[in-house]
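Take a look at the structure below.
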Amino acid sequence: MKFLFERDTWQEVYDSMSKNKLRTGITMVGVWWGILLLIALLGAAKGMENSFNRIFGDFATNSVFVWGQSTSMPFKGFQEGKRVRLKLSHVDKIKDNIEGIEFVVPRNRNQALVVRNFLSGNFSVNGDYPLLDQIQKKKMIEGRFINQNDINLNKKVAVISEDIYKQLFEKDENPIGAYVQMNSINFTIIGVFQNGNVNMGPSSDVHIPFTTFQQIYNQGDNIGWMVITGKPEYNIKQIEADTKLLLRNLNKIHPRDKRAFGSFNLGKEFAKVTGFLTGMQFLTWFVGIATLIAGVFAIGNILLITVKERTKEIGVRRALGATPFEIKRQIVVEAVFLTIMSGLLGIISGGWILIFIDRAWGQGDDATLVNASVSISVVFIALIILVILGTLIGLIPAFKATSVKPIEALREE
């Protein structure tokens, strides 16, 4: 490796490149474009992944939402069109009988006029358990979410969204401990949560204890829908199928009735998106590396031309005692130097493109490409690939250079 620190080595590299600057520049464009494309596409793919994680990061993605609808087939004396109601008793039966269940969270919802002083608005009111905060994490701005004590004591407390706070309160006013009226009943505000990027299921403007909701709206044992979360190692599609089968049996519904229960499988949809992102990253690597290989081959072709032009010079060096290894080594160094320089320019250019992408599409709550970037490890991998490709492609003109006998090279005009 001592030769890499010798001035003559780099002087020869410089002389070889400077003899035809235009050809050298055009040769480097292929590798520059390949690495630029790789960095830009990988960064954009990462930005899409970050955007998706920001939207769904607060959700337990291995979840399914199930609700009752109406039957489409008569069964056991019940006519078609029977309304299907989910019950609180179903929750424990699902937990006890379905394998792989982590959480089953019953929920209810209604509309209410929320009044404070002379300000009011119609909002959705949700009756919930504290478990909801584990499967659909609320980003609290002030205060706390519902706890088990609120459930046990049927407390008249409410957690409101940031939108409601802005409509009913003055800027910088402390809402914790303040009262709002819903259905002519006073509720104490115990928390304010940040509006999410996406709502899974009906909108969630106000959360009150589930037991309080059941009392106020006289729901008894009825629930609107339930969120079922499976353990990570279990298939959420199978959990969904098993849950619906159990609910059909509990409600005396025909086993082939597909309309009786509605559902939305978040885990299945999440898997589709993650599969798409994985495929996009694979395609990006394929396209980028293919472009790099094409660019490196261009460098190899140019070096073959250069070797042809330097045949007499190589013959002189051989006649003066240069070994074939030294000739090959010099040409390989030139190939690797060209590929690395092109690659570094491509990395820098790709970085500037990612900065532009971040400023154009990565800012704000509705950003589509959040923090479009590539890791240092990806940059190192790209550089290692360039060194390997540069070395391999440099061997072709290197062997060509040493295949000519010195006496024949000296005769070359």
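Each chain of the structure tokens is named A, B, ... in the order shown, its residues numbered from 1; ligands are numbered from 1 in display order.
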
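Taking only C-alpha atoms, the non-local environment of Phe193 of chain A within 6 Å (same-chain residues fewer than 4 positions away omitted) comprises A:Lys139, A:Met140, A:Ile141, A:Ser161, A:Glu162.
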
Using the selection just defined, write its residues with C-alpha atoms as an mmCIF file, in the first residue's frame.
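Written out: part30.cif:
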data_model
loop_
_atom_site.group_PDB
_atom_site.id
_atom_site.type_symbol
_atom_site.label_atom_id
_atom_site.label_comp_id
_atom_site.auth_asym_id
_atom_site.auth_seq_id
_atom_site.Cartn_x
_atom_site.Cartn_y
_atom_site.Cartn_z
ATOM 1 C CA LYS A 139 -50.600 12.848 22.751
ATOM 2 C CA MET A 140 -51.637 14.840 25.790
ATOM 3 C CA ILE A 141 -51.090 18.592 25.692
ATOM 4 C CA SER A 161 -59.421 17.452 21.627
ATOM 5 C CA GLU A 162 -57.251 20.407 20.759
#

_Per-residue DSSP, segment 17-212 of chain A, filtered to alpha helix (DSSP H), as a ChimeraX atom specification_ = /A:17-18,21-56,88-97,132-135,148-152,162-168,210-212

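Put simply, atom CA of Arg23 of chain A is 19.5 Å away from atom CA of Ile35 of chain A.
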
*Which polymer residues have any atom within 12 Å of an atom of segment 50-57 of chain A, counting only C-alpha atoms, with same-chain residues fewer than 6 positions away left out, as a VMD selection string?*
chain A and resid 43 to 44 63 134 to 139 195 to 200 266 to 267 269 to 271 273 to 274 276 to 277 358 361 to 374

*Between A:Thr27, A:Ala401, A:Val114, A:Gly279, which has the minimum distance to Ser184 of chain A (counting only C-alpha atoms)?*
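The shortest atom-to-atom distance to Ser184 of chain A comes from A:Val114.
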
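Taking atom CA of Leu250 of chain A and atom CA of Glu80 of chain A as endpoints, the distance between them is 16.9 Å.
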
*Would you mind telling me which residue in A:Glu334, A:Asn20, A:Phe103, A:Asn108 lies nearest to Asn218 of chain A when using only C-alpha atoms?*
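Ranking A:Glu334, A:Asn20, A:Phe103, A:Asn108 by distance to Asn218 of chain A, first place goes to A:Asn108.
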
*Pick out each residue of segment 240-384 of chain A that DSSP on the backbone tags as strand (DSSP E); I need them as a VMD selection string.*
chain A and resid 261 to 265

*asked:* For a quick check of understanding, using only C-alpha atoms, which of A:Leu383, A:Ile299, A:Ile289, A:Met226 has the smallest distance to Phe264 of chain A?
replied: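 Among the listed residues, A:Met226 lies closest to Phe264 of chain A.
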
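By chain and then residue number, the residues within 12 Å of Ala294 of chain A are A:Thr27, A:Met28, A:Val29, A:Gly30, A:Val31, A:Trp32, A:Trp33, A:Gly34, A:Ile35, A:Val287, A:Gly288, A:Ile289, A:Ala290, A:Thr291, A:Leu292, A:Val296, A:Phe297, A:Ala298, A:Ile299, A:Gly300, A:Asn301, A:Thr339, A:Leu386, A:Leu389, A:Gly390, A:Ile393, counting only C-alpha atoms and disregarding those fewer than 2 positions away in sequence.
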
*Nearest to Ile185 of chain A by atom-to-atom distance, counting only C-alpha atoms, from A:Val336, A:Ala112, A:Leu246, A:Ala398*: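 Nearest to Ile185 of chain A: A:Ala112.
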
*One-decimal distance in Å that lies between atom CA of Trp67 of chain A and atom CA of Asn235 of chain A*: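 Those two atoms sit 19.8 Å apart.
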
_Among the residues A:Gln167, A:Asn122, A:Gln148, A:Thr229, the one that comes closest to Glu102 of chain A [using only C-alpha atoms]_ =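 Under the stated criterion, the closest residue is A:Thr229.
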
*Check the smallest atom-to-atom distance from each of A:Ala322, A:Ile94, A:Ile160, A:Ile228 to Arg107 of chain A using only C-alpha atoms, then report the winner.*
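That would be A:Ile228, the residue with the smallest distance to Arg107 of chain A.
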